[in-house]
Structures are given as C-alpha cells and as structure tokens.
Amino acid sequence: MVGVLPREDKTAAGIGIMVLAVALFTCIDTSAKWLLIAGLPALQVVFARYAGHLLVSLIVYLPQEGLGAIRSQSPGKQFLRSVFLLGSTILNFIALSYLPITITTTIQFTMPIVVTLLAIPMLGETVGIRRIIAVCVGFSGVLVVTQPWSAAWHPAMLLSVASVVVASLYFVMTRMLAGIESNATQQLWSSAVSTTILLPFVIKGWVWPPDIQAWMVFMAIGFFGATGHIAATTAHRWADASLLSPMFYTQIVFAAFAGIFIFGTWPTVYTLGGGAIIIGSGLYIWARERKVKGG
C-alpha cells in the first residue's frame with residue numbers, strides 16, 4: 001500500500017483548507033450549471049468534470065508514487081464506490097439544470113443524516129433515539145425547502161434527493177476503505193472509472209462549448225473537482241474530522257453568492273428556513289457522534 005501520509009497537528013490550517021475545499025466543491029456545481037445553461041449535455045458536463053479530475057490526479061500522483069498508486073487492495077469495493085460517486089454527480093447535474101444552486105446545495109446538507117441511517121445496516125453502527133429524532137427533524141427541513149404541497153415544487157427536486165442518497169452510499173464505501181486504500185488510489189479510481197464509463201456515451205453526441213467563457217469553464221470544472229478533493233484530504237490529515245465536518249455548512253454562503261452574482265437568483269425564505277432546520281439537525285448529529293466517540 002502506497003501514499004498513506006502521516007497525520008500532522010495543524011488544526012487551524014486544516015480548518016482553513018477545508019473551507020477552501022468546500023468553496024471548490026461549490027465551483028464544481030456553479031461550473032456545471034453554467035455549462036448546462038450554455039447548452040452542453042449533462043453527461044458531457046459530468047465527463048468533463050471527471051476527465052479533468054483524472055488528468056490532474058495523474059499529474060499529481062504518478063510522479064510521486066508511480067504505477068503503484070493505481071493498484072487497489074479492494075478493487076470490487078473501489079469500483080462500486082466510484083460508480084456511486086458517478087451516479088450522484090449525474091443526478092446532481094441534471095437537477096442543477098432545473099433548480100437554483102441554493103436549493104440543490106441545501107438538499108445536499110442532508111448527507112450526514114442519510115449517512116447516519118445507512119451506517120446502521122452497512123457498517124453495523126448503533127444509533128440512539130436522539131439521533132433518530134434529529135434525522136426526522138432534518139428531513140422535515142427538506143420538506144420546507146422542496147414544498148411538495150405548493151406551486152414551487154419541481155420534480156427535479158427528487159433527483160437532488162436521489163443524488164444525496166447515492167452520494168451517501170459513496171461516503172459509506174469510503175469509510176469501508178479507510179486505512180485500506182491511499183488517497184492517490186481513491187482519486188485515480190473514482191475519476192478513471194467515471195471517465196471510462198461515460199466516454200462511449202458522450203463521444204457520439206459531442207457538443208463543443210459555444211464561446212471562450214464556456215471553454216474556460218469546461219476546462220476548469222475538472223480542476224475544481226481534483227483540487228477540492230485533494231484539499232479535503234489534506235485537511236483531514238491536518239485536523240480531526242470532528243472539527244472539519246461543520247465546515248461543510250459554509251457551502252450555503254458560497255452557493256448563495258454564486259446564485260446571486262452569477263445566476264441572478266436569490267434564496268427564498270423557505271430555502272433559508274429549511275436549510276436552518278437541516279443544518280441544525282446535522283450539527284446535533286455531529287455533536288452526538290463526538291460525544292459517543294469521546295471526541
């Protein structure tokens with residue numbers, strides 16, 4: 001096994017680089033929505049995201065670790081993990097073609113809640129009644145955001161929720177592989193599997209970016225993906241995960257900024273109110289997990 005770097009005690013820097021990672025993740029969604037508006041097919045945008053990610057990962061990791069970075073200790077689980085990530089991205093990008101980025105981002109905040117539920121059957125973790133109640137409260141926040149009872153409801157919201165479920169399966173698989181696979185292996189597998197699967201589907205109906213701005217975004221989306229994941233991994237090496245988890249909620253600030261200044265859409269009171277409920281329940285689950293684990 002190669003590329004497993006030792007932990008370092010750089011808590012402040014770790015938190016800072018985690019916020020940077022979250023900003024880069026927002027750049028992925030912002031770039032995807034920009035390209036979809038420009039007329040590129042959703043699958044081609046997903047392909048650009050992972051092909052660019054693969055290129056950056058090869059440039060970063062192969063000189064350091066050689067071909068050993070490609071070898072997996074658990075190829076079956078690694079492939080399944082990669083497919084879950086790909087599926088989540090496809091669902092999220094299709095949802096983004098119909099929904100404001102603030103809504104898709106807010107729905108994604110339910111991921112810790114879904115992971116909590118999936119960890120019970122898949123990882124054998126026990127969850128107390130308080131966390132179960134927090135899960136239910138969190139999902140009530142989703143209802144506030146999506147408003148299935150009103151004219152604001154859009155069927156694409158179901159795609160966004162489905163994206164969260166599939167992404168949660170990806171994170172559960174990542175937990176399974178923790179300590180088994182190096183970061184280089186995980187980065188290379190997730191990007192290579194996605195690129196390989198998508199290539200035959202996008203090559204026949206390829207659409208070239210229509211202008212220089214779209215070209216720049218098309219080239220940048222994979223860079224945002226690779227550097228965001230590398231930054232998140234570095235942050236977890238410098239600071240405890242229990243301190244980094246709440247930093248994901250800063251994404252609502254970045255998403256709101258992108259929505260307002262790039263796409264001209266303001267978050268609604270329902271998005272903000274539902275987001276507050278979801279974030280509150282997520283923070284409670286995080287606090288309970290820290291207490292149970294003695295963090």
# chains A, B, ... in the order shown; residues from 1 in each chain; ligands from 1
call {"tool": "residues_around", "arguments": {"residues": "Ala256 (chain A)", "least_positions_apart": "3", "cutoff": "12 Å", "atoms": "only C-alpha atoms", "output": "number ranges by chain"}}
result
A: 23, 26-27, 30, 100-106, 249-253, 259-268, 271-272, 275
call {"tool": "write_last_selection", "arguments": {"atoms": "C-alpha atoms", "output": "mmCIF file, in the first residue's frame"}}
result
data_model
loop_
_atom_site.group_PDB
_atom_site.id
_atom_site.type_symbol
_atom_site.label_atom_id
_atom_site.label_comp_id
_atom_site.auth_asym_id
_atom_site.auth_seq_id
_atom_site.Cartn_x
_atom_site.Cartn_y
_atom_site.Cartn_z
ATOM 1 C CA ALA A 23 -15.554 26.599 -1.936
ATOM 2 C CA THR A 26 -19.307 24.932 -4.946
ATOM 3 C CA CYS A 27 -17.263 25.904 -8.005
ATOM 4 C CA THR A 30 -21.514 26.547 -10.412
ATOM 5 C CA PRO A 100 -31.269 27.118 -8.330
ATOM 6 C CA ILE A 101 -27.896 26.160 -6.892
ATOM 7 C CA THR A 102 -29.028 27.227 -3.397
ATOM 8 C CA ILE A 103 -31.790 24.600 -3.410
ATOM 9 C CA THR A 104 -29.574 21.723 -4.574
ATOM 10 C CA THR A 105 -26.884 22.742 -2.081
ATOM 11 C CA THR A 106 -29.358 22.910 0.795
ATOM 12 C CA TYR A 249 -22.189 24.049 6.027
ATOM 13 C CA THR A 250 -20.228 27.099 4.866
ATOM 14 C CA GLN A 251 -21.200 25.942 1.379
ATOM 15 C CA ILE A 252 -24.575 27.672 1.739
ATOM 16 C CA VAL A 253 -22.699 31.005 1.806
ATOM 17 C CA GLY A 259 -26.725 32.154 -7.143
ATOM 18 C CA ILE A 260 -27.000 35.905 -6.630
ATOM 19 C CA PHE A 261 -23.977 37.226 -8.506
ATOM 20 C CA ILE A 262 -23.622 34.657 -11.309
ATOM 21 C CA PHE A 263 -27.154 33.399 -11.981
ATOM 22 C CA GLY A 264 -29.229 36.261 -10.553
ATOM 23 C CA THR A 265 -31.297 34.051 -8.226
ATOM 24 C CA TRP A 266 -31.866 34.847 -4.556
ATOM 25 C CA PRO A 267 -32.504 32.143 -1.926
ATOM 26 C CA THR A 268 -36.128 32.082 -0.790
ATOM 27 C CA THR A 271 -34.730 27.637 1.363
ATOM 28 C CA LEU A 272 -33.172 29.584 4.219
ATOM 29 C CA GLY A 275 -31.673 24.972 5.443
#
call {"tool": "residues_around", "arguments": {"residues": "region 276-278 of chain A", "least_positions_apart": "4", "cutoff": "7 Å", "atoms": "only C-alpha atoms", "output": "NGL selection string"}}
result
:A and (109-110 or 138 or 141 or 272 or 282)
call {"tool": "residues_around", "arguments": {"residues": "Ile113 (chain A)", "least_positions_apart": "5", "cutoff": "12 Å", "atoms": "only C-alpha atoms", "output": "PyMOL selection string"}}
result
chain A and resi 107-108+118-120+127+131-142+164-165+167-169+171+278-286+289
call {"tool": "write_last_selection", "arguments": {"atoms": "N, CA and C atoms", "output": "mmCIF file, in the first residue's frame"}}
result
data_model
loop_
_atom_site.group_PDB
_atom_site.id
_atom_site.type_symbol
_atom_site.label_atom_id
_atom_site.label_comp_id
_atom_site.auth_asym_id
_atom_site.auth_seq_id
_atom_site.Cartn_x
_atom_site.Cartn_y
_atom_site.Cartn_z
ATOM 1 N N ILE A 107 -30.340 20.869 -0.107
ATOM 2 C CA ILE A 107 -30.748 19.469 -0.044
ATOM 3 C C ILE A 107 -29.543 18.570 0.229
ATOM 4 N N GLN A 108 -28.384 18.924 -0.328
ATOM 5 C CA GLN A 108 -27.176 18.126 -0.104
ATOM 6 C C GLN A 108 -26.733 18.136 1.352
ATOM 7 N N LEU A 118 -27.667 4.986 6.827
ATOM 8 C CA LEU A 118 -27.061 3.895 6.062
ATOM 9 C C LEU A 118 -25.992 3.160 6.863
ATOM 10 N N ALA A 119 -25.349 3.872 7.800
ATOM 11 C CA ALA A 119 -24.286 3.251 8.591
ATOM 12 C C ALA A 119 -24.816 2.156 9.515
ATOM 13 N N ILE A 120 -26.124 2.185 9.793
ATOM 14 C CA ILE A 120 -26.700 1.163 10.672
ATOM 15 C C ILE A 120 -26.641 -0.218 10.015
ATOM 16 N N VAL A 127 -27.318 3.585 16.486
ATOM 17 C CA VAL A 127 -27.755 4.978 16.537
ATOM 18 C C VAL A 127 -28.861 5.087 17.577
ATOM 19 N N ARG A 131 -30.537 10.647 18.022
ATOM 20 C CA ARG A 131 -30.085 10.873 16.652
ATOM 21 C C ARG A 131 -31.169 10.505 15.643
ATOM 22 N N ILE A 132 -31.988 9.508 15.961
ATOM 23 C CA ILE A 132 -33.095 9.164 15.073
ATOM 24 C C ILE A 132 -34.081 10.334 14.986
ATOM 25 N N ILE A 133 -34.356 10.968 16.138
ATOM 26 C CA ILE A 133 -35.239 12.133 16.154
ATOM 27 C C ILE A 133 -34.627 13.264 15.333
ATOM 28 N N ALA A 134 -33.308 13.462 15.474
ATOM 29 C CA ALA A 134 -32.623 14.505 14.705
ATOM 30 C C ALA A 134 -32.722 14.229 13.208
ATOM 31 N N VAL A 135 -32.644 12.960 12.820
ATOM 32 C CA VAL A 135 -32.794 12.578 11.419
ATOM 33 C C VAL A 135 -34.180 12.985 10.906
ATOM 34 N N CYS A 136 -35.209 12.686 11.692
ATOM 35 C CA CYS A 136 -36.580 13.028 11.299
ATOM 36 C C CYS A 136 -36.756 14.543 11.178
ATOM 37 N N VAL A 137 -36.169 15.282 12.121
ATOM 38 C CA VAL A 137 -36.241 16.744 12.066
ATOM 39 C C VAL A 137 -35.532 17.251 10.814
ATOM 40 N N GLY A 138 -34.387 16.665 10.509
ATOM 41 C CA GLY A 138 -33.640 17.072 9.318
ATOM 42 C C GLY A 138 -34.446 16.876 8.050
ATOM 43 N N PHE A 139 -35.143 15.766 7.942
ATOM 44 C CA PHE A 139 -35.946 15.519 6.746
ATOM 45 C C PHE A 139 -37.163 16.440 6.678
ATOM 46 N N SER A 140 -37.631 16.906 7.828
ATOM 47 C CA SER A 140 -38.701 17.899 7.791
ATOM 48 C C SER A 140 -38.196 19.198 7.159
ATOM 49 N N GLY A 141 -36.909 19.485 7.356
ATOM 50 C CA GLY A 141 -36.305 20.641 6.701
ATOM 51 C C GLY A 141 -36.307 20.501 5.193
ATOM 52 N N VAL A 142 -36.121 19.278 4.699
ATOM 53 C CA VAL A 142 -36.182 19.032 3.256
ATOM 54 C C VAL A 142 -37.571 19.357 2.718
ATOM 55 N N VAL A 164 -28.349 12.766 -3.205
ATOM 56 C CA VAL A 164 -27.855 12.714 -1.822
ATOM 57 C C VAL A 164 -27.765 11.268 -1.337
ATOM 58 N N VAL A 165 -28.779 10.466 -1.642
ATOM 59 C CA VAL A 165 -28.783 9.072 -1.198
ATOM 60 C C VAL A 165 -27.614 8.306 -1.817
ATOM 61 N N ALA A 167 -24.836 9.603 -3.108
ATOM 62 C CA ALA A 167 -23.582 10.148 -2.581
ATOM 63 C C ALA A 167 -23.309 9.620 -1.179
ATOM 64 N N SER A 168 -24.354 9.419 -0.394
ATOM 65 C CA SER A 168 -24.180 8.877 0.949
ATOM 66 C C SER A 168 -23.647 7.450 0.886
ATOM 67 N N LEU A 169 -24.114 6.673 -0.087
ATOM 68 C CA LEU A 169 -23.567 5.327 -0.294
ATOM 69 C C LEU A 169 -22.073 5.416 -0.634
ATOM 70 N N PHE A 171 -20.011 7.743 0.422
ATOM 71 C CA PHE A 171 -19.267 8.069 1.642
ATOM 72 C C PHE A 171 -19.196 6.879 2.598
ATOM 73 N N ILE A 278 -32.199 21.821 8.580
ATOM 74 C CA ILE A 278 -31.305 20.732 8.175
ATOM 75 C C ILE A 278 -29.934 20.882 8.831
ATOM 76 N N ILE A 279 -29.388 22.097 8.796
ATOM 77 C CA ILE A 279 -28.071 22.339 9.390
ATOM 78 C C ILE A 279 -28.116 22.094 10.896
ATOM 79 N N GLY A 280 -29.187 22.547 11.545
ATOM 80 C CA GLY A 280 -29.306 22.332 12.985
ATOM 81 C C GLY A 280 -29.324 20.861 13.342
ATOM 82 N N SER A 281 -30.095 20.069 12.606
ATOM 83 C CA SER A 281 -30.143 18.627 12.884
ATOM 84 C C SER A 281 -28.808 17.966 12.572
ATOM 85 N N GLY A 282 -28.150 18.419 11.492
ATOM 86 C CA GLY A 282 -26.841 17.859 11.153
ATOM 87 C C GLY A 282 -25.803 18.151 12.213
ATOM 88 N N LEU A 283 -25.828 19.377 12.743
ATOM 89 C CA LEU A 283 -24.887 19.732 13.798
ATOM 90 C C LEU A 283 -25.169 18.947 15.079
ATOM 91 N N TYR A 284 -26.444 18.681 15.345
ATOM 92 C CA TYR A 284 -26.787 17.884 16.528
ATOM 93 C C TYR A 284 -26.263 16.457 16.379
ATOM 94 N N ILE A 285 -26.459 15.867 15.189
ATOM 95 C CA ILE A 285 -25.941 14.518 14.938
ATOM 96 C C ILE A 285 -24.427 14.494 15.088
ATOM 97 N N TRP A 286 -23.765 15.520 14.560
ATOM 98 C CA TRP A 286 -22.302 15.625 14.684
ATOM 99 C C TRP A 286 -21.889 15.693 16.146
ATOM 100 N N GLU A 289 -22.325 12.305 17.830
ATOM 101 C CA GLU A 289 -21.289 11.362 17.424
ATOM 102 C C GLU A 289 -19.985 11.651 18.152
#
call {"tool": "residues_around", "arguments": {"residues": "Ala48 (chain A)", "least_positions_apart": "5", "cutoff": "7 Å", "atoms": "only C-alpha atoms", "output": "PyMOL selection string"}}
result
chain A and resi 218+221-222
call {"tool": "write_last_selection", "arguments": {"atoms": "C-alpha atoms", "output": "CSV table (one decimal), in the first residue's frame"}}
result
chain,number,residue,atom,x,y,z
A,218,PHE,CA,-15.3,23.4,-19.4
A,221,ILE,CA,-14.5,22.1,-13.8
A,222,GLY,CA,-12.2,19.0,-13.5
call {"tool": "residues_around", "arguments": {"residues": "Lys77 (chain A)", "least_positions_apart": "2", "cutoff": "9 Å", "atoms": "only C-alpha atoms", "output": "list in words"}}
result
Ser74, Pro75, Phe79, Leu80, Arg81, Ser82, Met173, Met176 and Leu177 of chain A
call {"tool": "decode", "arguments": {"residues": "region 220-233 of chain A", "atoms": "N, CA, C and O atoms", "output": "compact mmCIF listing (two decimals), in the first residue's frame"}}
result
# COMPACT_ATOMS: atom_id res chain seq x y z
N ALA A 220 -12.05 24.12 -16.59
CA ALA A 220 -11.79 24.34 -15.16
C ALA A 220 -12.54 23.38 -14.26
O ALA A 220 -12.10 23.12 -13.13
N ILE A 221 -13.67 22.81 -14.71
CA ILE A 221 -14.53 22.05 -13.80
C ILE A 221 -13.80 20.83 -13.22
O ILE A 221 -13.94 20.51 -12.05
N GLY A 222 -13.00 20.15 -14.04
CA GLY A 222 -12.24 19.01 -13.54
C GLY A 222 -11.16 19.43 -12.56
O GLY A 222 -10.88 18.72 -11.58
N PHE A 223 -10.54 20.59 -12.82
CA PHE A 223 -9.53 21.12 -11.90
C PHE A 223 -10.15 21.41 -10.54
O PHE A 223 -9.57 21.08 -9.49
N PHE A 224 -11.36 22.00 -10.55
CA PHE A 224 -12.05 22.26 -9.28
C PHE A 224 -12.32 20.95 -8.54
O PHE A 224 -12.16 20.87 -7.31
N GLY A 225 -12.73 19.90 -9.27
CA GLY A 225 -13.02 18.63 -8.64
C GLY A 225 -11.79 18.01 -8.00
O GLY A 225 -11.81 17.58 -6.84
N ALA A 226 -10.69 17.96 -8.77
CA ALA A 226 -9.47 17.33 -8.26
C ALA A 226 -8.88 18.10 -7.09
O ALA A 226 -8.57 17.52 -6.04
N THR A 227 -8.74 19.40 -7.24
CA THR A 227 -8.11 20.19 -6.18
C THR A 227 -9.00 20.25 -4.93
O THR A 227 -8.50 20.29 -3.81
N GLY A 228 -10.33 20.23 -5.13
CA GLY A 228 -11.23 20.21 -3.98
C GLY A 228 -11.07 18.95 -3.15
O GLY A 228 -10.98 19.01 -1.92
N HIS A 229 -10.99 17.80 -3.83
CA HIS A 229 -10.83 16.54 -3.10
C HIS A 229 -9.44 16.43 -2.47
O HIS A 229 -9.29 15.91 -1.36
N ILE A 230 -8.42 16.90 -3.17
CA ILE A 230 -7.07 16.88 -2.60
C ILE A 230 -6.99 17.79 -1.37
O ILE A 230 -6.40 17.44 -0.35
N ALA A 231 -7.63 18.97 -1.45
CA ALA A 231 -7.65 19.88 -0.31
C ALA A 231 -8.38 19.27 0.88
O ALA A 231 -7.94 19.37 2.03
N ALA A 232 -9.52 18.60 0.61
CA ALA A 232 -10.29 17.98 1.70
C ALA A 232 -9.48 16.87 2.37
O ALA A 232 -9.48 16.73 3.60
N THR A 233 -8.76 16.09 1.56
CA THR A 233 -7.93 15.02 2.11
C THR A 233 -6.80 15.59 2.97
O THR A 233 -6.50 15.08 4.05
